[in-house]
Each structure stands twice: as C-alpha cells, then as structure tokens.
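Okay, query-v6.json now, which holds JSON, C-alpha atoms:
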```
[["chain", "number", "residue", "atom", "x", "y", "z"],
["X", 1, "MET", "CA", 5.08, 8.79, 1.14],
["X", 2, "LEU", "CA", 2.68, 10.88, 3.16],
["X", 3, "ILE", "CA", 1.41, 14.17, 1.77],
["X", 4, "GLN", "CA", -1.23, 15.12, 4.31],
["X", 5, "PHE", "CA", -3.45, 13.77, 7.06],
["X", 6, "THR", "CA", -6.79, 15.26, 8.11],
["X", 7, "VAL", "CA", -8.81, 14.51, 11.24],
["X", 8, "GLY", "CA", -12.02, 16.02, 12.55],
["X", 9, "ASN", "CA", -14.43, 15.45, 15.45],
["X", 10, "PHE", "CA", -11.99, 13.18, 17.25],
["X", 11, "ARG", "CA", -11.02, 13.66, 20.89],
["X", 12, "SER", "CA", -9.86, 17.29, 21.23],
["X", 13, "PHE", "CA", -10.38, 18.06, 17.51],
["X", 14, "LYS", "CA", -13.86, 19.46, 17.04],
["X", 15, "ASP", "CA", -13.16, 20.96, 13.61],
["X", 16, "LYS", "CA", -11.08, 19.43, 10.84],
["X", 17, "PHE", "CA", -7.33, 19.77, 11.26],
["X", 18, "THR", "CA", -4.82, 18.99, 8.50],
["X", 19, "LEU", "CA", -1.16, 18.12, 8.89],
["X", 20, "THR", "CA", 0.54, 18.69, 5.53],
["X", 21, "LEU", "CA", 4.03, 17.76, 4.41],
["X", 22, "GLU", "CA", 3.85, 19.89, 1.28],
["X", 23, "ALA", "CA", 6.72, 22.38, 1.33],
["X", 24, "SER", "CA", 6.01, 26.10, 1.14],
["X", 25, "ASN", "CA", 7.86, 28.61, -1.04],
["X", 26, "VAL", "CA", 10.19, 29.48, 1.83],
["X", 27, "LYS", "CA", 13.80, 28.79, 0.79],
["X", 28, "GLU", "CA", 15.02, 27.88, 4.27],
["X", 29, "HIS", "CA", 16.01, 24.27, 4.96],
["X", 30, "GLU", "CA", 16.00, 23.20, 1.30],
["X", 31, "ASN", "CA", 17.89, 20.05, 2.31],
["X", 32, "ASN", "CA", 14.71, 18.96, 4.11],
["X", 33, "THR", "CA", 12.68, 18.85, 0.88],
["X", 34, "PHE", "CA", 12.45, 16.52, -2.12],
["X", 35, "LYS", "CA", 10.54, 16.26, -5.38],
["X", 36, "ALA", "CA", 7.83, 13.57, -5.47],
["X", 37, "ALA", "CA", 5.30, 12.44, -8.10],
["X", 38, "ASP", "CA", 3.18, 15.13, -9.79],
["X", 39, "ASN", "CA", 6.10, 17.52, -9.16],
["X", 40, "LEU", "CA", 5.06, 17.87, -5.54],
["X", 41, "LEU", "CA", 7.70, 19.36, -3.26],
["X", 42, "LEU", "CA", 7.46, 17.54, 0.05],
["X", 43, "LEU", "CA", 9.16, 17.77, 3.42],
["X", 44, "LYS", "CA", 11.35, 14.93, 4.61],
["X", 45, "SER", "CA", 10.36, 15.68, 8.20],
["X", 46, "SER", "CA", 8.13, 18.00, 10.18],
["X", 47, "SER", "CA", 7.92, 19.09, 13.83],
["X", 48, "LEU", "CA", 4.90, 19.95, 15.93],
["X", 49, "TYR", "CA", 5.11, 22.45, 18.76],
["X", 50, "GLY", "CA", 2.45, 23.45, 21.25],
["X", 51, "ALA", "CA", 1.51, 23.78, 24.88],
["X", 52, "ASN", "CA", 0.41, 20.85, 27.00],
["X", 53, "ALA", "CA", -3.11, 19.66, 26.16],
["X", 54, "SER", "CA", -3.03, 21.49, 22.82],
["X", 55, "GLY", "CA", -3.75, 18.34, 20.78],
["X", 56, "LYS", "CA", -0.31, 17.05, 19.74],
["X", 57, "SER", "CA", -0.84, 13.62, 21.30],
["X", 58, "ASN", "CA", -4.36, 13.31, 19.93],
["X", 59, "LEU", "CA", -3.08, 13.96, 16.42],
["X", 60, "PHE", "CA", -0.87, 10.90, 16.72],
["X", 61, "ASN", "CA", -3.72, 8.95, 18.32],
["X", 62, "ALA", "CA", -5.93, 9.80, 15.35],
["X", 63, "PHE", "CA", -3.23, 8.74, 12.90],
["X", 64, "ALA", "CA", -2.70, 5.48, 14.79],
["X", 65, "PHE", "CA", -6.45, 4.78, 14.93],
["X", 66, "MET", "CA", -6.88, 5.26, 11.17],
["X", 67, "HIS", "CA", -3.82, 3.12, 10.46],
["X", 68, "ASN", "CA", -4.93, 0.25, 12.70],
["X", 69, "PHE", "CA", -8.58, 0.36, 11.67],
["X", 70, "ILE", "CA", -7.72, 0.09, 7.97],
["X", 71, "LEU", "CA", -5.49, -2.92, 8.58],
["X", 72, "ASN", "CA", -7.89, -4.72, 10.94],
["X", 73, "SER", "CA", -11.37, -3.58, 9.91],
["X", 74, "PHE", "CA", -12.15, -6.73, 7.95],
["X", 75, "ASN", "CA", -11.54, -8.99, 10.96],
["X", 76, "ALA", "CA", -14.08, -7.29, 13.22],
["X", 77, "GLN", "CA", -17.27, -9.06, 14.25],
["X", 78, "VAL", "CA", -20.72, -7.70, 13.45],
["X", 79, "THR", "CA", -21.14, -6.41, 17.00],
["X", 80, "THR", "CA", -17.62, -4.95, 17.31],
["X", 81, "ARG", "CA", -17.66, -1.25, 18.15],
["X", 82, "ILE", "CA", -15.42, 1.14, 16.23],
["X", 83, "LEU", "CA", -12.98, 2.79, 18.63],
["X", 84, "VAL", "CA", -13.57, 6.40, 17.67],
["X", 85, "GLU", "CA", -13.97, 9.11, 20.30],
["X", 86, "PRO", "CA", -15.86, 12.16, 19.04],
["X", 87, "PHE", "CA", -15.37, 15.63, 20.50],
["X", 88, "LYS", "CA", -17.59, 15.58, 23.59],
["X", 89, "LEU", "CA", -17.72, 19.23, 24.58],
["X", 90, "SER", "CA", -20.49, 19.93, 22.08],
["X", 91, "THR", "CA", -23.99, 18.47, 21.96],
["X", 92, "ILE", "CA", -23.79, 18.64, 18.16],
["X", 93, "SER", "CA", -20.42, 17.02, 17.47],
["X", 94, "GLU", "CA", -20.80, 14.16, 19.95],
["X", 95, "HIS", "CA", -23.57, 12.69, 17.78],
["X", 96, "LYS", "CA", -21.74, 13.17, 14.48],
["X", 97, "PRO", "CA", -19.16, 10.83, 12.89],
["X", 98, "SER", "CA", -15.42, 11.35, 13.16],
["X", 99, "HIS", "CA", -13.53, 12.25, 9.99],
["X", 100, "PHE", "CA", -10.21, 10.75, 8.77],
["X", 101, "GLU", "CA", -8.42, 11.27, 5.45],
["X", 102, "MET", "CA", -4.95, 10.46, 4.17],
["X", 103, "VAL", "CA", -3.30, 11.73, 0.98],
["X", 104, "PHE", "CA", -0.19, 9.83, -0.04],
["X", 105, "ILE", "CA", 1.94, 8.57, -2.93],
["X", 106, "HIS", "CA", 2.52, 4.87, -3.55],
["X", 107, "ASP", "CA", 4.30, 3.37, -6.58],
["X", 108, "GLY", "CA", 4.39, 6.80, -8.17],
["X", 109, "ILE", "CA", 0.61, 7.38, -7.94],
["X", 110, "ARG", "CA", -1.09, 9.83, -5.60],
["X", 111, "TYR", "CA", -4.15, 8.60, -3.68],
["X", 112, "ARG", "CA", -6.72, 10.27, -1.43],
["X", 113, "TYR", "CA", -8.51, 7.88, 0.89],
["X", 114, "GLY", "CA", -10.75, 8.56, 3.86],
["X", 115, "PHE", "CA", -13.85, 7.67, 5.83],
["X", 116, "GLU", "CA", -16.25, 8.99, 8.45],
["X", 117, "ALA", "CA", -17.33, 6.72, 11.27],
["X", 118, "SER", "CA", -19.13, 6.55, 14.58],
["X", 119, "THR", "CA", -18.67, 3.83, 17.19],
["X", 120, "GLU", "CA", -21.35, 1.76, 15.42],
["X", 121, "LYS", "CA", -20.94, 2.24, 11.67],
["X", 122, "ILE", "CA", -19.19, 3.75, 8.67],
["X", 123, "TYR", "CA", -21.09, 6.80, 7.47],
["X", 124, "SER", "CA", -19.03, 7.47, 4.34],
["X", 125, "GLU", "CA", -15.88, 6.29, 2.60],
["X", 126, "TRP", "CA", -14.01, 7.40, -0.50],
["X", 127, "LEU", "CA", -10.98, 6.60, -2.64],
["X", 128, "PHE", "CA", -9.56, 8.81, -5.39],
["X", 129, "SER", "CA", -6.37, 8.51, -7.43],
["X", 130, "TYR", "CA", -4.32, 10.96, -9.51],
["X", 131, "PRO", "CA", -2.68, 8.80, -12.20],
["X", 132, "LYS", "CA", -1.85, 11.80, -14.40],
["X", 133, "GLY", "CA", -2.21, 14.58, -11.87],
["X", 134, "LYS", "CA", -5.98, 14.76, -12.36],
["X", 135, "GLU", "CA", -8.34, 13.49, -9.67],
["X", 136, "THR", "CA", -10.18, 10.28, -10.62],
["X", 137, "LYS", "CA", -12.91, 8.78, -8.43],
["X", 138, "LEU", "CA", -12.45, 5.07, -7.77],
["X", 139, "PHE", "CA", -15.36, 4.67, -5.36],
["X", 140, "THR", "CA", -17.48, 6.56, -2.86],
["X", 141, "ARG", "CA", -19.78, 5.25, -0.18],
["X", 142, "GLU", "CA", -22.62, 6.83, 1.73],
["X", 143, "GLY", "CA", -23.90, 4.41, 4.34],
["X", 144, "SER", "CA", -24.94, 1.29, 2.43],
["X", 145, "SER", "CA", -24.96, 3.04, -0.97],
["X", 146, "PHE", "CA", -21.89, 2.69, -3.19],
["X", 147, "SER", "CA", -20.82, 4.52, -6.35],
["X", 148, "ILE", "CA", -18.03, 2.63, -8.14],
["X", 149, "ASN", "CA", -16.02, 3.59, -11.21],
["X", 150, "LYS", "CA", -16.25, 0.24, -13.01],
["X", 151, "LEU", "CA", -13.73, 1.30, -15.64],
["X", 152, "LYS", "CA", -11.00, 2.52, -13.28],
["X", 153, "PHE", "CA", -11.88, 0.31, -10.32],
["X", 154, "PRO", "CA", -13.24, -3.01, -11.67],
["X", 155, "GLU", "CA", -12.36, -4.83, -8.43],
["X", 156, "GLY", "CA", -15.18, -2.96, -6.67],
["X", 157, "LYS", "CA", -17.75, -5.59, -7.60],
["X", 158, "THR", "CA", -21.37, -5.24, -6.55],
["X", 159, "ASP", "CA", -21.39, -8.53, -4.65],
["X", 160, "LEU", "CA", -18.61, -7.20, -2.41],
["X", 161, "THR", "CA", -20.77, -4.27, -1.36],
["X", 162, "PHE", "CA", -23.22, -6.79, 0.09],
["X", 163, "ARG", "CA", -20.35, -8.48, 1.94],
["X", 164, "THR", "CA", -19.34, -5.20, 3.58],
["X", 165, "ARG", "CA", -20.70, -4.84, 7.12],
["X", 166, "GLN", "CA", -21.75, -1.44, 8.38],
["X", 167, "ASN", "CA", -18.77, -1.42, 10.80],
["X", 168, "ALA", "CA", -16.19, -2.50, 8.18],
["X", 169, "LEU", "CA", -14.35, -0.55, 5.50],
["X", 170, "PHE", "CA", -15.13, -1.35, 1.86],
["X", 171, "LEU", "CA", -11.44, -0.92, 1.02],
["X", 172, "SER", "CA", -10.47, -3.63, 3.53],
["X", 173, "VAL", "CA", -13.10, -6.01, 2.19],
["X", 174, "ILE", "CA", -11.96, -5.62, -1.43],
["X", 175, "ALA", "CA", -8.32, -6.15, -0.45],
["X", 176, "GLN", "CA", -9.25, -9.47, 1.18],
["X", 177, "PHE", "CA", -10.54, -10.59, -2.23],
["X", 178, "ASN", "CA", -7.24, -9.60, -3.94],
["X", 179, "GLY", "CA", -8.35, -6.29, -5.40],
["X", 180, "GLU", "CA", -5.29, -4.90, -7.17],
["X", 181, "THR", "CA", -5.61, -1.21, -6.29],
["X", 182, "SER", "CA", -7.07, -1.79, -2.85],
["X", 183, "LYS", "CA", -4.16, -4.10, -1.97],
["X", 184, "LYS", "CA", -1.73, -1.36, -3.04],
["X", 185, "VAL", "CA", -3.44, 1.12, -0.73],
["X", 186, "ILE", "CA", -3.51, -1.40, 2.13],
["X", 187, "ASN", "CA", 0.17, -2.21, 1.52],
["X", 188, "TRP", "CA", 1.07, 1.46, 1.85],
["X", 189, "PHE", "CA", -0.62, 1.63, 5.24],
["X", 190, "ASN", "CA", 1.04, -1.65, 6.19],
["X", 191, "GLN", "CA", 4.45, -0.07, 5.56],
["X", 192, "VAL", "CA", 3.71, 2.91, 7.78],
["X", 193, "ASN", "CA", 5.11, 2.77, 11.30],
["X", 194, "VAL", "CA", 3.43, 4.82, 14.01],
["X", 195, "LEU", "CA", 5.83, 5.24, 16.91],
["X", 196, "SER", "CA", 4.83, 7.17, 19.99],
["X", 197, "GLY", "CA", 6.57, 7.56, 23.33],
["X", 198, "LEU", "CA", 3.12, 7.77, 24.92],
["X", 199, "ASN", "CA", 2.94, 3.97, 24.80],
["X", 200, "GLN", "CA", 6.56, 3.09, 25.41],
["X", 201, "GLN", "CA", 5.78, -0.22, 27.13],
["X", 202, "SER", "CA", 5.06, -1.88, 23.77],
["X", 203, "TYR", "CA", 8.59, -1.06, 22.54],
["X", 204, "MET", "CA", 10.51, -2.34, 25.56],
["X", 205, "ASN", "CA", 11.36, -5.76, 24.12],
["X", 206, "PHE", "CA", 12.36, -4.23, 20.76],
["X", 207, "THR", "CA", 14.57, -1.68, 22.53],
["X", 208, "TYR", "CA", 16.16, -4.37, 24.68],
["X", 209, "GLN", "CA", 17.03, -6.48, 21.64],
["X", 210, "LYS", "CA", 18.45, -3.50, 19.74],
["X", 211, "LEU", "CA", 20.61, -2.41, 22.67],
["X", 212, "LYS", "CA", 22.40, -5.75, 22.47],
["X", 213, "GLU", "CA", 23.63, -4.78, 18.99],
["X", 214, "ASP", "CA", 26.99, -3.02, 19.19],
["X", 215, "SER", "CA", 26.31, -0.75, 16.20],
["X", 216, "PHE", "CA", 22.97, 0.42, 17.62],
["X", 217, "LYS", "CA", 24.39, 0.90, 21.09],
["X", 218, "SER", "CA", 27.22, 3.07, 19.74],
["X", 219, "GLN", "CA", 24.68, 5.33, 18.00],
["X", 220, "ILE", "CA", 22.72, 5.73, 21.25],
["X", 221, "LEU", "CA", 25.91, 6.53, 23.19],
["X", 222, "LYS", "CA", 26.90, 9.10, 20.60],
["X", 223, "PHE", "CA", 23.49, 10.75, 20.91],
["X", 224, "ILE", "CA", 23.63, 10.72, 24.74],
["X", 225, "LYS", "CA", 27.11, 12.23, 24.81],
["X", 226, "SER", "CA", 26.08, 14.98, 22.40],
["X", 227, "ALA", "CA", 23.40, 15.94, 24.94],
["X", 228, "ASP", "CA", 26.19, 16.42, 27.52],
["X", 229, "ILE", "CA", 24.39, 14.71, 30.41],
["X", 230, "ASP", "CA", 27.48, 12.95, 31.84],
["X", 231, "ILE", "CA", 26.48, 9.40, 30.86],
["X", 232, "GLU", "CA", 29.52, 7.54, 29.53],
["X", 233, "ASP", "CA", 28.14, 4.03, 29.06],
["X", 234, "PHE", "CA", 25.28, 1.65, 29.88],
["X", 235, "PHE", "CA", 24.64, -2.08, 29.83],
["X", 236, "THR", "CA", 21.69, -4.45, 29.77],
["X", 237, "GLU", "CA", 21.09, -7.62, 31.74],
["X", 238, "PRO", "CA", 18.20, -10.10, 31.73],
["X", 239, "LEU", "CA", 15.68, -9.85, 34.52],
["X", 240, "VAL", "CA", 15.24, -13.03, 36.51],
["X", 241, "LEU", "CA", 11.60, -13.49, 37.48],
["X", 242, "ILE", "CA", 11.08, -14.81, 40.99],
["X", 243, "PRO", "CA", 7.63, -16.42, 41.48],
["X", 244, "GLU", "CA", 7.26, -14.83, 44.92],
["X", 245, "ASN", "CA", 7.62, -11.35, 43.37],
["X", 246, "LEU", "CA", 4.91, -11.78, 40.72],
["X", 247, "PRO", "CA", 1.63, -9.89, 41.19],
["X", 248, "PRO", "CA", -0.94, -11.94, 43.17],
["X", 249, "PHE", "CA", -3.68, -11.45, 40.53],
["X", 250, "LEU", "CA", -1.82, -13.53, 37.91],
["X", 251, "THR", "CA", -3.40, -16.89, 37.11],
["X", 252, "GLU", "CA", -1.48, -20.12, 37.50],
["X", 253, "ASP", "CA", -1.24, -20.51, 33.71],
["X", 254, "ALA", "CA", 0.25, -17.04, 33.40],
["X", 255, "ARG", "CA", 2.77, -17.82, 36.11],
["X", 256, "LYS", "CA", 3.87, -20.99, 34.29],
["X", 257, "GLN", "CA", 4.37, -19.06, 31.05],
["X", 258, "LEU", "CA", 6.58, -16.54, 32.84],
["X", 259, "ALA", "CA", 8.58, -19.19, 34.66]]
```

Please lay out the structure from this file as structure tokens.
Amino acid sequence: MLIQFTVGNFRSFKDKFTLTLEASNVKEHENNTFKAADNLLLLKSSSLYGANASGKSNLFNAFAFMHNFILNSFNAQVTTRILVEPFKLSTISEHKPSHFEMVFIHDGIRYRYGFEASTEKIYSEWLFSYPKGKETKLFTREGSSFSINKLKFPEGKTDLTFRTRQNALFLSVIAQFNGETSKKVINWFNQVNVLSGLNQQSYMNFTYQKLKEDSFKSQILKFIKSADIDIEDFFTEPLVLIPENLPPFLTEDARKQLA
C-alpha cells in the first residue's frame, strides 16, 4: 500500500512535491481511513484539485514513469536514454537530475525507495526498510559508488554493482538475480496499476471486453443513470475493417494483420 510519492525537477515540478496518503488528525471521513503497519493511519483514497496546467497530469506522469522505469530498467541497452524530462524554465534545474521516491508497505514492512536520474544516467539510488519501525539502510548509490548493508541486504553483492550500467537501476539488476528483498520491492511495483484517462486509447480493448460482461455493464448503467444524463442503455458491436478505408501509410504486412 502506498504511503507517499515524491517527485522533483520533472516537467512542471521544479521543486520537490510530495503526495501523501497519511491521514491527518481531522475526524471527518473516518470511513476513508485504515490502520496499516507501524500503526500508520492511511487514507483509502485521495483526490487532487487544481486549475488547468497546475501539475495534476504531470504528477501522474511522474508516477507512471517511475513505475515503468523500475520494471523495465534492466532490459535497456547501454545507449538507451532515460525518459525523464527536467523542469526547463530554469538554467539551473535543466542540467540537474530528476528526483523520484516512493514510500510504501509490502508484506507488513515499510520501505522507502528512490533514485535521481538524468536522460543519460542514474545519479543516486537508495533503499531503506523499517522492519520494526526504525529506518534501516539496505543500500545507497552515488553514481558508480555503492554502500551496501551486507548484514541486512546480503543480496547486494559486489559483483552485481559491476553489472549495473549507468542507465540501469541497481534494484532492478539485483531482482534479476533473485534477490529476496529486491524481488519483494519489484513485486509491489508490479502490482500497482497506473490508470489515466489522458491515454485512454490503450484501454479501449479492455473496456470493450468488459462491456460484454453483463455484471460490468449493469454497474456502468447504474453509474450513468445516477448522473441523470438521460442515457437508458448502450450496446457494443464489432467494427468490420474494410481495406479501402485503412490509412494509406499502412504497410502491406500491417494490412494483412488487420484483415
């Protein structure tokens, strides 16, 4: 479960910004809170409000970038550029690395993991755990220098530091070699779903399949009717592709696959 996410020097975020799901002492909406490990009181959900171009979309973009980079970092080639976009309205920040950090609970243990990166390399990386509520360093990285807690993090072997490219995350490398703790951290990120209406095209097939399920369709209809927009029902039908209507730039192979 997510506790907080921090991003800095990324797109419209020049300074560090933290989204936290820790509940305050306010007694309103107590049904939206729950007790987690370390007696943390967390929110079940949170809403973001703001004017257009105030950074809401970029917060999700930063979350999605960190999520995808952690899961795919190991597969990158030596020359692959890291897809970070630093804040460009400052001559200072545009040459500094972007900052990403996630604090979360997995299997009853709290972790704090993060990294700083430019388009070319990882500047720093760190992983801490809180097995008994007290912060314990598992490893830190500054460029090509690593500091590893051999007692608490024996999987962080020295030979793996030499296998870690400057554009790859040490955590991802260790997980590929079956590191116990690193795999747990990776698995948590693997269970996280980042859904955004800003890229709705990628969900079209999923939505189409779900709408063919009667139980799912009834939930959607109930939601639509509660909005009182005079829609009583809807249906789906397959789209028949006609070769003459396909875009002219498609190759012959692509046309055969769509036929």

Worksheet item: Suppose you want the space between atom CA of Arg163 of chain X and atom CA of Asn187 of chain X; what is it in Å?
Response: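 Taking atom CA of Arg163 of chain X and atom CA of Asn187 of chain X, their separation equals 21.5 Å.
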
Fill in: Nearest to Phe63 of chain X, chosen from X:Ser196, X:Phe87, X:Thr164, X:Tyr208, with all atoms listed in the file counted in the distances
X:Ser196

Worksheet item: For Lys212 of chain X, which residue out of X:Ser226, X:Phe5, X:Lys88, X:Phe234 is the nearest one, using only C-alpha atoms?
Response: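 Among the listed residues, X:Phe234 lies closest to Lys212 of chain X.
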
Discussion item. So, with only C-alpha atoms as the atoms that count, which of X:Phe146, X:Phe60, X:Phe10, X:Phe170 lies closest to Gly114 of chain X?
Written reply: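 That would be X:Phe170, the residue with the smallest distance to Gly114 of chain X.
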
Item to complete: Have a look at X:Ala168, X:Leu239, X:Ile122, X:Ala53 and name the one nearest to Ser12 of chain X; count all atoms listed in the file.
Response: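 Counting all atoms listed in the file, the residue closest to Ser12 of chain X is X:Ala53.
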
Within-12 Å shell of (-0.1, 14.3, -5.7) in input frame, all atoms listed in the file, as a CSV table (one decimal) with C-alpha atoms, keeping the file's coordinate frame:
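The result, written out as part.csv:
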```
chain,number,residue,atom,x,y,z
X,1,MET,CA,5.1,8.8,1.1
X,2,LEU,CA,2.7,10.9,3.2
X,3,ILE,CA,1.4,14.2,1.8
X,4,GLN,CA,-1.2,15.1,4.3
X,21,LEU,CA,4.0,17.8,4.4
X,22,GLU,CA,3.8,19.9,1.3
X,35,LYS,CA,10.5,16.3,-5.4
X,36,ALA,CA,7.8,13.6,-5.5
X,37,ALA,CA,5.3,12.4,-8.1
X,38,ASP,CA,3.2,15.1,-9.8
X,39,ASN,CA,6.1,17.5,-9.2
X,40,LEU,CA,5.1,17.9,-5.5
X,41,LEU,CA,7.7,19.4,-3.3
X,42,LEU,CA,7.5,17.5,0.0
X,102,MET,CA,-5.0,10.5,4.2
X,103,VAL,CA,-3.3,11.7,1.0
X,104,PHE,CA,-0.2,9.8,0.0
X,105,ILE,CA,1.9,8.6,-2.9
X,106,HIS,CA,2.5,4.9,-3.6
X,107,ASP,CA,4.3,3.4,-6.6
X,108,GLY,CA,4.4,6.8,-8.2
X,109,ILE,CA,0.6,7.4,-7.9
X,110,ARG,CA,-1.1,9.8,-5.6
X,111,TYR,CA,-4.2,8.6,-3.7
X,112,ARG,CA,-6.7,10.3,-1.4
X,128,PHE,CA,-9.6,8.8,-5.4
X,129,SER,CA,-6.4,8.5,-7.4
X,130,TYR,CA,-4.3,11.0,-9.5
X,131,PRO,CA,-2.7,8.8,-12.2
X,132,LYS,CA,-1.8,11.8,-14.4
X,133,GLY,CA,-2.2,14.6,-11.9
X,134,LYS,CA,-6.0,14.8,-12.4
X,135,GLU,CA,-8.3,13.5,-9.7
X,136,THR,CA,-10.2,10.3,-10.6
```

Worksheet item: Can you tell me, as a list in words, what residues are no more than 9 Å from Phe13 of chain X when counting all atoms listed in the file, ignoring any on the same chain fewer than 5 positions away?
Response: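 In the requested format, the answer is Val7, Gly8, Gly55, Asn58, Leu59, Pro86 and Phe87 of chain X.
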
Worksheet item: Which is closer to Phe65 of chain X than all the others in X:Leu43, X:Leu169, X:Val194, X:Ala23, using all atoms listed in the file?
Response: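 Of all the options, X:Val194 lies closest to Phe65 of chain X.
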
Worksheet entry | Pairwise distance for atom CA of Gly156 of chain X and atom CA of Ile174 of chain X, rounded to one decimal in Å |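 One can read the atom CA of Gly156 of chain X to atom CA of Ile174 of chain X distance as 6.7 Å.
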
Discussion item. With only C-alpha atoms as the counted atoms, please give the residues lying no more than 10 Å from Val78 of chain X, apart from itself and same-chain residues fewer than 3 positions off, as a list in words.
Written reply: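 What passes the distance filter is Asn75, Arg81, Glu120, Arg165, Gln166, Asn167 and Ala168 of chain X.
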
I need segment 214-227 of chain X written out with N, CA, C and O atoms, as a PDB file, in the first residue's frame; please produce it.
```pdb
ATOM      1  N   ASP X 214     -22.187  -8.855 -18.545  1.00  0.00           N
ATOM      2  CA  ASP X 214     -23.453  -8.298 -18.059  1.00  0.00           C
ATOM      3  C   ASP X 214     -23.300  -7.600 -16.705  1.00  0.00           C
ATOM      4  O   ASP X 214     -23.876  -6.525 -16.481  1.00  0.00           O
ATOM      5  N   SER X 215     -22.527  -8.212 -15.793  1.00  0.00           N
ATOM      6  CA  SER X 215     -22.383  -7.628 -14.457  1.00  0.00           C
ATOM      7  C   SER X 215     -21.669  -6.275 -14.520  1.00  0.00           C
ATOM      8  O   SER X 215     -22.040  -5.331 -13.815  1.00  0.00           O
ATOM      9  N   PHE X 216     -20.658  -6.179 -15.380  1.00  0.00           N
ATOM     10  CA  PHE X 216     -19.925  -4.922 -15.508  1.00  0.00           C
ATOM     11  C   PHE X 216     -20.791  -3.868 -16.188  1.00  0.00           C
ATOM     12  O   PHE X 216     -20.819  -2.702 -15.777  1.00  0.00           O
ATOM     13  N   LYS X 217     -21.523  -4.282 -17.214  1.00  0.00           N
ATOM     14  CA  LYS X 217     -22.381  -3.345 -17.922  1.00  0.00           C
ATOM     15  C   LYS X 217     -23.454  -2.778 -16.996  1.00  0.00           C
ATOM     16  O   LYS X 217     -23.771  -1.582 -17.043  1.00  0.00           O
ATOM     17  N   SER X 218     -24.001  -3.613 -16.120  1.00  0.00           N
ATOM     18  CA  SER X 218     -25.052  -3.134 -15.211  1.00  0.00           C
ATOM     19  C   SER X 218     -24.500  -2.094 -14.238  1.00  0.00           C
ATOM     20  O   SER X 218     -25.194  -1.130 -13.888  1.00  0.00           O
ATOM     21  N   GLN X 219     -23.237  -2.259 -13.818  1.00  0.00           N
ATOM     22  CA  GLN X 219     -22.621  -1.267 -12.935  1.00  0.00           C
ATOM     23  C   GLN X 219     -22.437   0.070 -13.654  1.00  0.00           C
ATOM     24  O   GLN X 219     -22.670   1.140 -13.069  1.00  0.00           O
ATOM     25  N   ILE X 220     -22.014   0.007 -14.920  1.00  0.00           N
ATOM     26  CA  ILE X 220     -21.833   1.231 -15.705  1.00  0.00           C
ATOM     27  C   ILE X 220     -23.168   1.941 -15.904  1.00  0.00           C
ATOM     28  O   ILE X 220     -23.277   3.166 -15.773  1.00  0.00           O
ATOM     29  N   LEU X 221     -24.226   1.160 -16.226  1.00  0.00           N
ATOM     30  CA  LEU X 221     -25.544   1.763 -16.417  1.00  0.00           C
ATOM     31  C   LEU X 221     -26.052   2.408 -15.137  1.00  0.00           C
ATOM     32  O   LEU X 221     -26.664   3.492 -15.174  1.00  0.00           O
ATOM     33  N   LYS X 222     -25.793   1.759 -14.016  1.00  0.00           N
ATOM     34  CA  LYS X 222     -26.213   2.323 -12.740  1.00  0.00           C
ATOM     35  C   LYS X 222     -25.512   3.652 -12.483  1.00  0.00           C
ATOM     36  O   LYS X 222     -26.124   4.628 -12.018  1.00  0.00           O
ATOM     37  N   PHE X 223     -24.215   3.703 -12.803  1.00  0.00           N
ATOM     38  CA  PHE X 223     -23.452   4.937 -12.620  1.00  0.00           C
ATOM     39  C   PHE X 223     -23.968   6.032 -13.553  1.00  0.00           C
ATOM     40  O   PHE X 223     -24.149   7.187 -13.151  1.00  0.00           O
ATOM     41  N   ILE X 224     -24.236   5.683 -14.818  1.00  0.00           N
ATOM     42  CA  ILE X 224     -24.711   6.671 -15.790  1.00  0.00           C
ATOM     43  C   ILE X 224     -26.067   7.228 -15.373  1.00  0.00           C
ATOM     44  O   ILE X 224     -26.307   8.443 -15.434  1.00  0.00           O
ATOM     45  N   LYS X 225     -26.955   6.352 -14.910  1.00  0.00           N
ATOM     46  CA  LYS X 225     -28.290   6.800 -14.519  1.00  0.00           C
ATOM     47  C   LYS X 225     -28.234   7.690 -13.277  1.00  0.00           C
ATOM     48  O   LYS X 225     -29.044   8.613 -13.128  1.00  0.00           O
ATOM     49  N   SER X 226     -27.280   7.408 -12.393  1.00  0.00           N
ATOM     50  CA  SER X 226     -27.163   8.256 -11.199  1.00  0.00           C
ATOM     51  C   SER X 226     -26.715   9.660 -11.560  1.00  0.00           C
ATOM     52  O   SER X 226     -26.940  10.617 -10.814  1.00  0.00           O
ATOM     53  N   ALA X 227     -26.039   9.799 -12.726  1.00  0.00           N
ATOM     54  CA  ALA X 227     -25.600  11.116 -13.194  1.00  0.00           C
ATOM     55  C   ALA X 227     -26.743  11.879 -13.862  1.00  0.00           C
ATOM     56  O   ALA X 227     -26.584  13.071 -14.182  1.00  0.00           O
TER      57      ALA X 227
END
```
